[in-house]
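The block underneath contains the structure these notes are about, expressed in structure tokens.
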Amino acid sequence: MIGRLRNLFGDPVLAVLVVGLSLFGVAMVYSAGQLDVPDPGVAGAWKMQLLWLGVSVTSLLVMVHIQTRWLEWVAVPAYIAGIALLAATLVIGTGLGTARGTKSWIDLGPVMFQPAQFANLATILMLARVLGRWREPPRSVWGLWAPVAIVALPMALVMLQPDLGTAMVFGALLVAALYWAGTPIGLMFMLLSPVIGLFLSFHSLLFSIYIVALIVFLRFYRAYLGESVAVIGANLAAGAIALPLWNSLEPYQRARLLVFLDPGMDPRGAGWHLIQSRVAIGSGGLFGKGFTLGTQKRLAFLPEQHTDFIFSVIGEEFGFIGTVAVLVVFGLILWRLTRIAERQGDPFAGIVVFGIFGVWFAHVMVNVGMTIGLMPITGIPLPFLSYGGSFLLASFLALGMVQRIAAEQGKY
């Protein structure tokens, strides 16, 4: 029996962890709908989540039969299809939940789906196809143009929706893929340095110190003159566009960033989410108030409790012990992904697995971080726990890829 399972599931423990966490997620979505003043849309969400879980498990069983070499062949058409869907979303897309002001979803009548979640997977496959063919790591930042371009296109389309949280995930998968492909840390720093410059540019003294430090780094790293000029220029350009970029954000997006720094500046407006989330998690104490018994949730003080703030519900109802247990399970899932990636002799397969690691890690860090005030509120779901069919289905498709890659380990 175990042999049969291993022929289909290269890592049965990983599959059990994910399915178990997803079933717990259905239970928490059910609990999130138990309100003193019933909300029909939230109260019945667990049934749809359970239905999506069934569809997702079915997709997993299909995906584990698709050979890894087929995934490499389909990378280009899948990437093109993902870009086309993201472009179509800008035309016919709509908003949903906390993202009502965006165009992130496509309405198909009975169901709605978020193309960006599937474009993530297509981008991972495309990156793995390109980076897997490297025979040696690049020696200059110019050697990174292909992977950067592959990620920049879908990332830009997601930014135009605008969906900053999901766009951040594309950045995370790029970093994960480049790291696993053997890109030198110095080159990765040069590539990401304009992002640092963008944030520091709002404080002129810090920005000036950073530019000087960057020049010193480039000197000791012995970067080529051309790439040194390009890196410094990119950082200066990032500083120049910081204010126009800030002004281009939607008012609710600016408010979310400001209340991250000071939730008390707008306690009944933009700061409401974070304040109520902290109250809910803190009131859970060590063991929590019990399943379905969270008062912040039941009184509807906690917004979007079945989607973005499902972790707050867990904290209120299961306390510190419950939240730690959930984080430990996530840690085990990510550790299993790392082990599978380490054992791959095929660079394409290893990059696919670690790219998926990057996506899930980013979702966990940002979602949990925003519920306790360590990250700005971006409306990004918690894997396998938050309500949402698109992300659950995409995550199980990713799990299917990982299981197939693990099952083929050493066969080719």
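Here's how to read the names in the structure tokens: chain A, B, ... by the order shown, residue numbers from 1 in each chain, ligand numbers from 1 in the order shown.
If you count only C-alpha atoms and ignore residues fewer than 2 places along the chain from segment 326-338 of chain A, what sits within 8 Å of it is Leu14, Leu17, Val18, Leu21, Gly322, Thr323, Val324, Ile340, Ala341, Glu342, Val353, Phe354, Phe357, Trp360, Phe361, Val364 and Val402 of chain A.
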Selection to disk with C-alpha atoms, as a short mmCIF file (atom, residue, chain, number, x, y, z; two decimals), in the first residue's frame:
data_model
loop_
_atom_site.label_atom_id
_atom_site.label_comp_id
_atom_site.auth_asym_id
_atom_site.auth_seq_id
_atom_site.Cartn_x
_atom_site.Cartn_y
_atom_site.Cartn_z
CA LEU A 14 3.47 16.41 2.63
CA LEU A 17 -0.14 17.80 6.00
CA VAL A 18 -1.70 19.86 3.22
CA LEU A 21 -4.59 21.76 7.01
CA GLY A 322 -3.45 27.01 18.16
CA THR A 323 -1.56 29.66 16.22
CA VAL A 324 1.79 28.05 17.03
CA ILE A 340 12.35 17.55 -2.23
CA ALA A 341 14.09 20.40 -4.08
CA GLU A 342 17.48 19.42 -2.60
CA VAL A 353 9.64 23.00 -6.26
CA PHE A 354 11.54 25.89 -4.70
CA PHE A 357 8.17 27.21 -1.77
CA TRP A 360 3.68 29.71 -0.19
CA PHE A 361 6.31 31.24 2.08
CA VAL A 364 2.26 32.86 4.98
CA VAL A 402 5.65 18.68 -6.33
#
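Non-sequential neighbours of Glu72 of chain A (distance at most 7 Å, separation of 3 or more positions within a chain, only C-alpha atoms) are Thr68, Arg69, Ala75, Leu125 and Arg129 of chain A.
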I need the residues from that last selection saved to file as an mmCIF file, in the first residue's frame (with C-alpha atoms), if you can.
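Everything below was put into selection-v8.cif:
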data_model
loop_
_atom_site.group_PDB
_atom_site.id
_atom_site.type_symbol
_atom_site.label_atom_id
_atom_site.label_comp_id
_atom_site.auth_asym_id
_atom_site.auth_seq_id
_atom_site.Cartn_x
_atom_site.Cartn_y
_atom_site.Cartn_z
ATOM 1 C CA THR A 68 7.765 16.389 -15.126
ATOM 2 C CA ARG A 69 9.110 16.508 -18.676
ATOM 3 C CA ALA A 75 5.805 25.903 -19.813
ATOM 4 C CA LEU A 125 7.331 26.770 -14.955
ATOM 5 C CA ARG A 129 12.614 26.209 -18.027
#
Identify all residues of segment 150-339 of chain A in helix (DSSP H, G or I) (DSSP on the backbone) and supply them as a ChimeraX atom specification.
-> /A:150-159,164-180,185-200,204-221,225-248,251-261,263-265,272-283,295-298,310-339
Select, from A:Val57, A:Ser208, A:Ala230, A:Pro381, the residue with the minimum atom-to-atom distance to Gly20 of chain A, counting only C-alpha atoms.
-> A:Val57
Find the residues around Ala119 of chain A up to 8 Å (only C-alpha atoms counted), leave out those fewer than 5 positions away in its own chain, and share them as JSON, numbers by chain.
-> {"A": [79, 82, 83, 86, 154]}
For segment 28-34 of chain A, work out the shell of residues within 10 Å, counting only C-alpha atoms and skipping chain neighbours fewer than 6 positions away, then give it as a PyMOL selection string.
-> chain A and resi 22+40-50+291-294+297-300+302+304-307+309-311+313-314+317+385-387
So which one's closest to Gly25 of chain A, A:Ala177, A:Val212, A:Leu393, A:Leu382? Using only C-alpha atoms, please.
-> A:Leu382
Distance of atom CA of Val74 of chain A from atom CA of Leu108 of chain A, expressed in Å to one decimal place =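 Result for atom CA of Leu108 of chain A versus atom CA of Val74 of chain A: 25.0 Å, one decimal.
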Would you please work out which residue, of A:Val111, A:Ala362, A:Leu127, A:Leu257, is nearest to Ala349 of chain A when using only C-alpha atoms?
-> A:Leu127
